[in-house]
Amino acid sequence: MTPELAVDPSGEWPAIASDLEVKVARVVTWVLTAAFACVVLWEIGAPLVAGHYASSASMGIIADNMRRWGIVAPVWLYTAEPPDPSLYYCHHPFGIFWTTTVLQAVFGRSDLTCRLAPAILSVLTVPLLSALGRALYRPLAGAVMAAFFVASPIALSFAQFNALEVPVIAWSTLALWGWVRSKSTGQRRHIAAMLVGSTMAMHADWPAFVLVGLVLGVDLLGLLFGRSKPKRRVVIGWALLGLSATLSGLLYLWLFSKWGMLQDLSTTYELRRGAEELTLRELIDGRSSWDEWMLTRAFFWLTPLGVVAALVRCGKLRRAAELVPILVLAMAAIQYGLFRQGAWIHVFWPHYFALGFALAAGALVASLAPVIARAVSRHRRLAGRGHLVTVAGALLVAMVIARDGVDMLIWARRTGGRFDERGLEISSGADDIAVLRALSAELPPEARIGLHESVGPTWAHTWALGGRVVDHDVALPYESDWAQDLVVADLRGLRPRAVERLLACCSVRIVDHLAIVTPGEASIRGEGLAEREPSLHERLLGAAFEPVRTIHPSPFSAWLVADHYGGPTPEPSAEPRTTVELAIAYDAALAAGDPSKADGLRRVIEARLSGPTVVFDDDTRLLGVEPVEGVAPRLVVVFAAAGPLPEKVAPRFRAKLVETPVLSLARQHLGSLRDLGPQWLIAPSRWKASYLYTATVELLPRPGVEAYETAMVSKGKGRAPRPVSGGEWVEVHRR
């Protein structure tokens with residue numbers, strides 16, 4: 001190989017890569033691999049909480065059941081006895097479930113092992129993609145492909161997401177590398193790589209069958225109409241690939257038929273297809289913001305050019321391997337367009353396009369490089385450096401994309417991969433998970449736990465309870481005959497009458513807003529969650545965007561609940577520290593007939609607040625907000641009640657985007673809104689005159705600058721009070 005990147009007289013790329021090109025490509029690839037590994041390792045051991053990321057907890061549950069009961073099929077809930085096949089989840093191949101089970105058997109049950117498989121495969125995808133680019137084009141084109149993949153917001157945001165896309169992408173990249181290399185070398189190891197990668201991808205999810213089918217079709221055309229006779233090993237490899245696809249597909253059809261789950265698979269297919277409810281145009285328009293956030297506008301500018309470049313190269317070089325970018329994009333497009341209902345509700349649905357984008361970028365760079373090399377060769381100082389100029393320009397574009405990728409990664413980690421959830425109210429749920437993990441440490445292994453629908457049970461809640469049998473959406477236990485040892489409910493999601501009945505019949509342990517209900521005489525025990533900022537080590541390998549929470553004795557929430565809904569009222573004798581505790585202590589002083597103490601507490605509270613005082617026409621007042629910075633930015637809002645509000649009327653908050661991020665290719669729309677809730681421990685219809693009521697508003701900030709506004713909102717027939725001055729919504733904070 002030549003020592004320099006010298007161009008030939010025509011300005012074309014050298015036919016053989018130089019030592020310098022190989023070294024530069026290798027350095028770029030390993031730097032990118034290391035950077036992606038850092039992303040994957042970041043929060044690798046964090047507790048699994050709400051959002052799309054909660055589905056990684058389901059992988060742990062399935063692995064527990066496979067190990068406990070010796071079954072090969074996935075079951076998403078814990079059972080006291082071996083699960084019946086009617087509980088088997090037969091919507092996808094079983095590869096990701098088996099992989100997590102093996103890792104859990106080796107490394108034990110933990111949040112880390114729920115993420116370990118996608119973490120490993122995501123990191124390996126980077127050098128595999130570089131190798132594929134090198135096989136298709138040349139080393140520096142491979143490095144560019146790796147850079148575009150690593151920079152993609154969707155690849156960053158879901159790099160450790162234990163779902164279907166990550167393994168399909170990783171194994172498909174290996175398969176395509178083996179396919180491309182086997183066509184030029186015919187070596188057994190390349191054919192083996194193609195077969196192993198393809199088979200593993202097909203056992204990860206159905207889109208891999210589409211890709212394999214396209215590869216088989218392209219090869220069949222080459223076998224039938226090719227100008228030269230193919231190598232015998234290549235023909236055998238093609239036949240073995242077809243056999244692997246056939247046997248893999250028949251295996252799942254046989255298993256699903258054996259367990260009586262084919263109809264369930266068909267029903268789910270029709271649901272995910274959503275063809276009658278949603279047209280493709282409506283899907284594209286409705287997902288426009290999500291798709292720009294996940295792929296950036298660079299995808300929509302560059303990918304069509306890359307497709308054209310791939311077609312031109314295929315026609316010019318008469319080389320089927322040049323179609324690889326188009327094959328991957330076709331797989332992604334079929335997944336996206338065929339299963340429209342899935343695409344409508346899952347922000348991560350176009351994940352496969354990240355691989356197609358990288359491949360299209362490689363084709364574009366490989367096509368433009370000779371032109372750029374010819375142009376720069378006219379300059380003495382740049383002569384022989386056209387390759388480096390091309391790659392430097394491509395890496396610069398990747399860095400611009402990565403600017404949005406970092407923003408989206410942070411937003412994804414804050415929201416559990418939900419981003420804006422189409423403007424709906426969302427919460428991290430990390431406080432609930434902290435309570436359930438502490439509860440799990442106290443309970444015997446055989447305890448059976450019920451989660452009321454007010455908790456909004458997810459796989460993360462079930463996983464947090466340590467492998468015990470957990471029943472979702474159970475009824476509140478008013479009767480003496482209990483099916484569970486205890487039931488957990490969220491007091492903020494219960495009707496006032498339901499809370500009154502609960503306090504009158506059972507032993508209730510209140511931890512902030514959660515009620516842990518057990519059989520026994522009516523009693524109330526109060527506890528709270530103490531919070532601290534995580535250490536550096538905890539931010540790196542644990543939760544980077546949640547405080548560290550521990551349970552401690554605290555009578556405040558229990559006193560407030562008992563004062564409004566009945567039952568023995570505990571004395572709030574502890575020293576209040578937070579604004580929430582100070583407000584409850586103020587209410588307790590009023591109830592005890594101690595106005596001087598109440599006035600002193602109110603002055604302390606008001607000194608902590610900022611923003612305007614908002615007066616409503618029923619004399620309810622927002623005294624202000626307390627911004628809480630740190631890893632989880634929040635607003636503590638304090639209202640002074642004039643009395644009970646009408647049924648289904650409550651103060652609400654929303655975030656409105658007022659400034660977009662600078663130099664962003666992931667467009668945010670000015671004026672777009674997000675509902676911030678909050679939920680109230682005491683229903684506003686039970687508020688008492690002169691009492692102070694607080695709620696915590698999770699900001700979960702998106703890129704850009706947001707204004708936070710408040711209004712009274714009615715979800716029933718009652719009239720909502722309006723501010724006495726200004727419009728319906730009043731800005732109280734900006735961040």
# chains A, B, ... in the order shown; residues from 1 in each chain; ligands from 1
call {"tool": "closest_atom_pairs", "arguments": {"of": "stretch 97-143 of chain A", "to": "stretch 72-75 of chain A", "cutoff": "12 Å", "atoms": "only C-alpha atoms", "output": "Markdown table"}}
result
| residue | atom | partner | partner_atom | distance |
| --- | --- | --- | --- | --- |
| A:Phe97 | CA | A:Pro74 | CA | 6.7 |
| A:Trp98 | CA | A:Val72 | CA | 7.6 |
| A:Thr99 | CA | A:Val72 | CA | 11.3 |
| A:Thr100 | CA | A:Pro74 | CA | 11.1 |
| A:Thr101 | CA | A:Val72 | CA | 9.8 |
| A:Val102 | CA | A:Val72 | CA | 11.6 |
call {"tool": "write_last_selection", "arguments": {"atoms": "N, CA, C and O atoms", "output": "PDB file, in the first residue's frame"}}
result
ATOM      1  N   PHE A  97     -35.528 -12.486  24.290  1.00  0.00           N
ATOM      2  CA  PHE A  97     -35.869 -13.027  25.601  1.00  0.00           C
ATOM      3  C   PHE A  97     -34.842 -14.073  26.034  1.00  0.00           C
ATOM      4  O   PHE A  97     -34.414 -14.103  27.200  1.00  0.00           O
ATOM      5  N   TRP A  98     -34.441 -14.918  25.098  1.00  0.00           N
ATOM      6  CA  TRP A  98     -33.435 -15.929  25.426  1.00  0.00           C
ATOM      7  C   TRP A  98     -32.099 -15.268  25.782  1.00  0.00           C
ATOM      8  O   TRP A  98     -31.412 -15.715  26.708  1.00  0.00           O
ATOM      9  N   THR A  99     -31.739 -14.218  25.060  1.00  0.00           N
ATOM     10  CA  THR A  99     -30.470 -13.544  25.326  1.00  0.00           C
ATOM     11  C   THR A  99     -30.438 -12.962  26.731  1.00  0.00           C
ATOM     12  O   THR A  99     -29.454 -13.131  27.472  1.00  0.00           O
ATOM     13  N   THR A 100     -31.504 -12.276  27.125  1.00  0.00           N
ATOM     14  CA  THR A 100     -31.551 -11.697  28.474  1.00  0.00           C
ATOM     15  C   THR A 100     -31.535 -12.785  29.531  1.00  0.00           C
ATOM     16  O   THR A 100     -30.916 -12.628  30.594  1.00  0.00           O
ATOM     17  N   THR A 101     -32.198 -13.897  29.261  1.00  0.00           N
ATOM     18  CA  THR A 101     -32.213 -15.006  30.222  1.00  0.00           C
ATOM     19  C   THR A 101     -30.809 -15.558  30.445  1.00  0.00           C
ATOM     20  O   THR A 101     -30.407 -15.819  31.592  1.00  0.00           O
ATOM     21  N   VAL A 102     -30.058 -15.728  29.361  1.00  0.00           N
ATOM     22  CA  VAL A 102     -28.682 -16.232  29.494  1.00  0.00           C
ATOM     23  C   VAL A 102     -27.833 -15.254  30.298  1.00  0.00           C
ATOM     24  O   VAL A 102     -27.088 -15.650  31.214  1.00  0.00           O
TER      25      VAL A 102
END
call {"tool": "residues_around", "arguments": {"residues": "stretch 332-342 of chain A", "least_positions_apart": "4", "cutoff": "10 Å", "atoms": "only C-alpha atoms", "output": "ChimeraX atom specification"}}
result
/A:206-208,210-211,269-284,326-328,346-356
call {"tool": "residues_around", "arguments": {"residues": "A:Met261", "least_positions_apart": "5", "cutoff": "8 Å", "atoms": "only C-alpha atoms", "output": "number ranges by chain"}}
result
A: 86, 90, 256
call {"tool": "write_last_selection", "arguments": {"atoms": "all heavy atoms", "output": "PDB file, in the first residue's frame"}}
result
ATOM      1  N   SER A  86     -51.479 -20.105  27.518  1.00  0.00           N
ATOM      2  CA  SER A  86     -52.310 -18.952  27.171  1.00  0.00           C
ATOM      3  C   SER A  86     -51.678 -17.639  27.626  1.00  0.00           C
ATOM      4  O   SER A  86     -52.063 -16.565  27.155  1.00  0.00           O
ATOM      5  CB  SER A  86     -53.698 -19.092  27.795  1.00  0.00           C
ATOM      6  OG  SER A  86     -53.615 -19.114  29.218  1.00  0.00           O
ATOM      7  N   CYS A  90     -46.624 -14.307  22.240  1.00  0.00           N
ATOM      8  CA  CYS A  90     -46.238 -14.883  20.952  1.00  0.00           C
ATOM      9  C   CYS A  90     -46.459 -13.895  19.816  1.00  0.00           C
ATOM     10  O   CYS A  90     -47.071 -14.222  18.790  1.00  0.00           O
ATOM     11  CB  CYS A  90     -47.027 -16.167  20.701  1.00  0.00           C
ATOM     12  SG  CYS A  90     -46.666 -17.490  21.879  1.00  0.00           S
ATOM     13  N   PHE A 256     -46.290 -21.358  17.807  1.00  0.00           N
ATOM     14  CA  PHE A 256     -47.486 -20.557  18.065  1.00  0.00           C
ATOM     15  C   PHE A 256     -48.753 -21.375  17.824  1.00  0.00           C
ATOM     16  O   PHE A 256     -49.739 -21.242  18.544  1.00  0.00           O
ATOM     17  CB  PHE A 256     -47.495 -19.313  17.179  1.00  0.00           C
ATOM     18  CG  PHE A 256     -46.370 -18.351  17.464  1.00  0.00           C
ATOM     19  CD1 PHE A 256     -46.151 -17.260  16.639  1.00  0.00           C
ATOM     20  CD2 PHE A 256     -45.524 -18.526  18.548  1.00  0.00           C
ATOM     21  CE1 PHE A 256     -45.118 -16.367  16.883  1.00  0.00           C
ATOM     22  CE2 PHE A 256     -44.480 -17.655  18.807  1.00  0.00           C
ATOM     23  CZ  PHE A 256     -44.274 -16.571  17.969  1.00  0.00           C
TER      24      PHE A 256
END
call {"tool": "residues_around", "arguments": {"residues": "A:Leu164", "least_positions_apart": "3", "cutoff": "8 Å", "atoms": "only C-alpha atoms", "output": "MDAnalysis selection string"}}
result
chainID A and resid 96 167:168 204:205
call {"tool": "write_last_selection", "arguments": {"atoms": "N, CA, C and O atoms", "output": "mmCIF file, in the first residue's frame"}}
result
data_model
loop_
_atom_site.group_PDB
_atom_site.id
_atom_site.type_symbol
_atom_site.label_atom_id
_atom_site.label_comp_id
_atom_site.auth_asym_id
_atom_site.auth_seq_id
_atom_site.Cartn_x
_atom_site.Cartn_y
_atom_site.Cartn_z
ATOM 1 N N ILE A 96 -34.575 -12.122 21.745
ATOM 2 C CA ILE A 96 -34.191 -11.144 22.764
ATOM 3 C C ILE A 96 -34.495 -11.653 24.159
ATOM 4 O O ILE A 96 -33.798 -11.309 25.121
ATOM 5 N N PRO A 167 -30.998 -5.407 18.496
ATOM 6 C CA PRO A 167 -30.383 -6.648 18.001
ATOM 7 C C PRO A 167 -30.567 -6.872 16.515
ATOM 8 O O PRO A 167 -29.667 -7.412 15.856
ATOM 9 N N VAL A 168 -31.707 -6.458 15.961
ATOM 10 C CA VAL A 168 -31.891 -6.612 14.517
ATOM 11 C C VAL A 168 -30.846 -5.787 13.768
ATOM 12 O O VAL A 168 -30.244 -6.252 12.791
ATOM 13 N N ALA A 204 -34.552 -12.198 16.291
ATOM 14 C CA ALA A 204 -34.780 -10.990 17.085
ATOM 15 C C ALA A 204 -36.120 -10.354 16.743
ATOM 16 O O ALA A 204 -36.871 -9.962 17.642
ATOM 17 N N ASP A 205 -36.456 -10.244 15.459
ATOM 18 C CA ASP A 205 -37.761 -9.695 15.090
ATOM 19 C C ASP A 205 -38.033 -9.914 13.611
ATOM 20 O O ASP A 205 -37.128 -10.185 12.816
#
call {"tool": "residues_around", "arguments": {"residues": "A:Leu302", "least_positions_apart": "3", "cutoff": "9 Å", "atoms": "only C-alpha atoms", "output": "list in words"}}
result
Arg297, Ala298, Phe299, Leu305, Gly306, Val307, Phe357, Ala360, Ala361 and Leu364 of chain A
call {"tool": "closest_residue", "arguments": {"among": "A:Ile71, A:Leu323, A:Val144, A:Leu443", "to": "A:Val27", "atoms": "only C-alpha atoms"}}
result
A:Val144
call {"tool": "closest_residue", "arguments": {"among": "A:Leu129, A:Leu388, A:Leu409, A:Met202", "to": "A:Ile154", "atoms": "only C-alpha atoms"}}
result
A:Leu409
call {"tool": "atom_distance", "arguments": {"atom1": "atom CA of A:Asp111", "atom2": "atom CA of A:Pro678"}}
result
28.7 Å
call {"tool": "closest_residue", "arguments": {"among": "A:Pro553, A:Ala515, A:Cys506, A:Arg667", "to": "A:Pro568", "atoms": "only C-alpha atoms"}}
result
A:Cys506
call {"tool": "select_by_dssp", "arguments": {"residues": "stretch 337-518 of chain A", "states": "alpha helix (DSSP H)", "output": "ChimeraX atom specification"}}
result
/A:337-338,340-345,352-376,386-415,430-442,459-464,496-505
call {"tool": "write_last_selection", "arguments": {"atoms": "C-alpha atoms", "output": "mmCIF file, in the first residue's frame"}}
result
data_model
loop_
_atom_site.group_PDB
_atom_site.id
_atom_site.type_symbol
_atom_site.label_atom_id
_atom_site.label_comp_id
_atom_site.auth_asym_id
_atom_site.auth_seq_id
_atom_site.Cartn_x
_atom_site.Cartn_y
_atom_site.Cartn_z
ATOM 1 C CA GLY A 337 -45.584 2.033 6.783
ATOM 2 C CA LEU A 338 -47.141 -1.388 7.288
ATOM 3 C CA ARG A 340 -48.968 2.300 11.241
ATOM 4 C CA GLN A 341 -50.636 2.022 14.626
ATOM 5 C CA GLY A 342 -47.335 0.967 16.156
ATOM 6 C CA ALA A 343 -45.573 3.887 14.490
ATOM 7 C CA TRP A 344 -48.249 6.290 15.752
ATOM 8 C CA ILE A 345 -47.725 5.469 19.436
ATOM 9 C CA TYR A 352 -34.066 0.977 11.556
ATOM 10 C CA PHE A 353 -33.748 4.155 9.499
ATOM 11 C CA ALA A 354 -30.643 5.044 11.542
ATOM 12 C CA LEU A 355 -28.835 2.113 9.919
ATOM 13 C CA GLY A 356 -30.203 3.018 6.494
ATOM 14 C CA PHE A 357 -29.138 6.640 6.998
ATOM 15 C CA ALA A 358 -25.583 5.584 7.788
ATOM 16 C CA LEU A 359 -25.417 3.333 4.731
ATOM 17 C CA ALA A 360 -26.847 6.044 2.487
ATOM 18 C CA ALA A 361 -24.231 8.467 3.810
ATOM 19 C CA GLY A 362 -21.533 5.945 2.933
ATOM 20 C CA ALA A 363 -22.821 5.606 -0.617
ATOM 21 C CA LEU A 364 -22.987 9.378 -0.994
ATOM 22 C CA VAL A 365 -19.461 9.905 0.336
ATOM 23 C CA ALA A 366 -18.078 7.142 -1.855
ATOM 24 C CA SER A 367 -19.710 8.771 -4.895
ATOM 25 C CA LEU A 368 -18.715 12.357 -4.149
ATOM 26 C CA ALA A 369 -15.165 11.624 -3.036
ATOM 27 C CA PRO A 370 -13.608 11.331 -6.530
ATOM 28 C CA VAL A 371 -15.185 14.644 -7.535
ATOM 29 C CA ILE A 372 -13.891 16.333 -4.397
ATOM 30 C CA ALA A 373 -10.473 14.708 -4.836
ATOM 31 C CA ARG A 374 -10.267 16.038 -8.389
ATOM 32 C CA ALA A 375 -11.273 19.533 -7.252
ATOM 33 C CA VAL A 376 -8.836 19.822 -4.343
ATOM 34 C CA GLY A 386 -8.877 14.799 -1.250
ATOM 35 C CA HIS A 387 -9.893 11.782 0.805
ATOM 36 C CA LEU A 388 -9.206 13.548 4.063
ATOM 37 C CA VAL A 389 -11.059 16.653 2.907
ATOM 38 C CA THR A 390 -14.070 14.515 1.990
ATOM 39 C CA VAL A 391 -14.073 12.669 5.276
ATOM 40 C CA ALA A 392 -13.509 15.842 7.293
ATOM 41 C CA GLY A 393 -16.546 17.422 5.623
ATOM 42 C CA ALA A 394 -18.664 14.335 6.289
ATOM 43 C CA LEU A 395 -17.566 14.193 9.925
ATOM 44 C CA LEU A 396 -18.441 17.866 10.303
ATOM 45 C CA VAL A 397 -21.983 17.121 9.124
ATOM 46 C CA ALA A 398 -22.128 14.222 11.579
ATOM 47 C CA MET A 399 -21.059 16.565 14.381
ATOM 48 C CA VAL A 400 -23.907 18.955 13.497
ATOM 49 C CA ILE A 401 -26.322 16.032 13.713
ATOM 50 C CA ALA A 402 -24.734 14.948 16.999
ATOM 51 C CA ARG A 403 -25.511 18.389 18.472
ATOM 52 C CA ASP A 404 -29.196 17.376 18.311
ATOM 53 C CA GLY A 405 -28.348 13.809 19.217
ATOM 54 C CA VAL A 406 -27.010 14.902 22.606
ATOM 55 C CA ASP A 407 -30.102 17.053 23.247
ATOM 56 C CA MET A 408 -32.405 14.170 22.392
ATOM 57 C CA LEU A 409 -30.373 11.719 24.460
ATOM 58 C CA ILE A 410 -30.755 13.887 27.562
ATOM 59 C CA TRP A 411 -34.455 14.445 26.909
ATOM 60 C CA ALA A 412 -34.954 10.698 26.359
ATOM 61 C CA ARG A 413 -33.228 9.786 29.617
ATOM 62 C CA ARG A 414 -35.329 12.338 31.525
ATOM 63 C CA THR A 415 -38.608 11.013 30.128
ATOM 64 C CA ALA A 430 -39.104 7.207 40.002
ATOM 65 C CA ASP A 431 -40.556 8.128 43.404
ATOM 66 C CA ASP A 432 -43.055 5.260 43.212
ATOM 67 C CA ILE A 433 -40.309 2.841 42.186
ATOM 68 C CA ALA A 434 -38.171 3.973 45.142
ATOM 69 C CA VAL A 435 -41.039 3.202 47.544
ATOM 70 C CA LEU A 436 -41.714 -0.195 45.980
ATOM 71 C CA ARG A 437 -38.036 -1.166 46.113
ATOM 72 C CA ALA A 438 -37.905 -0.264 49.805
ATOM 73 C CA LEU A 439 -41.130 -2.208 50.348
ATOM 74 C CA SER A 440 -39.690 -5.225 48.536
ATOM 75 C CA ALA A 441 -36.754 -5.314 50.964
ATOM 76 C CA GLU A 442 -39.207 -5.580 53.877
ATOM 77 C CA TRP A 459 -43.481 -3.604 34.152
ATOM 78 C CA ALA A 460 -41.122 -1.348 36.103
ATOM 79 C CA HIS A 461 -43.434 -1.524 39.141
ATOM 80 C CA THR A 462 -43.630 -5.313 38.915
ATOM 81 C CA TRP A 463 -39.859 -5.641 38.463
ATOM 82 C CA ALA A 464 -39.185 -3.368 41.449
ATOM 83 C CA PRO A 496 -62.491 11.275 48.014
ATOM 84 C CA ARG A 497 -65.175 8.765 49.004
ATOM 85 C CA ALA A 498 -62.834 5.894 48.165
ATOM 86 C CA VAL A 499 -60.117 7.351 50.415
ATOM 87 C CA GLU A 500 -62.623 7.743 53.277
ATOM 88 C CA ARG A 501 -63.706 4.106 52.998
ATOM 89 C CA LEU A 502 -60.093 2.962 52.847
ATOM 90 C CA LEU A 503 -59.118 4.828 56.011
ATOM 91 C CA ALA A 504 -62.163 3.466 57.812
ATOM 92 C CA CYS A 505 -61.562 -0.221 57.042
#
call {"tool": "closest_residue", "arguments": {"among": "A:Leu657, A:Leu665, A:Ile449, A:Leu700", "to": "A:Ala632", "atoms": "only C-alpha atoms"}}
result
A:Leu700
call {"tool": "select_by_dssp", "arguments": {"residues": "stretch 408-621 of chain A", "states": "strand (DSSP E)", "output": "ChimeraX atom specification"}}
result
/A:449-452,470-474,486-490,507-511,514-518,523-532,548-553,614-615,621
call {"tool": "residues_around", "arguments": {"residues": "A:Pro572", "least_positions_apart": "6", "cutoff": "8 Å", "atoms": "only C-alpha atoms", "output": "NGL selection string"}}
result
:A and (554-556 or 559 or 585 or 588)
call {"tool": "write_last_selection", "arguments": {"atoms": "C-alpha atoms", "output": "tab-separated table (two decimals), in the first residue's frame"}}
result
chain	number	residue	atom	x	y	z
A	554	SER	CA	-42.78	11.80	58.49
A	555	PRO	CA	-46.28	12.58	59.78
A	556	PHE	CA	-47.10	15.42	57.38
A	559	TRP	CA	-51.93	14.29	58.87
A	585	ALA	CA	-47.52	22.44	59.25
A	588	ALA	CA	-52.08	21.99	61.17
call {"tool": "closest_residue", "arguments": {"among": "A:Ser596, A:Gly528, A:Val235, A:Gln263", "to": "A:Ala574", "atoms": "only C-alpha atoms"}}
result
A:Gly528
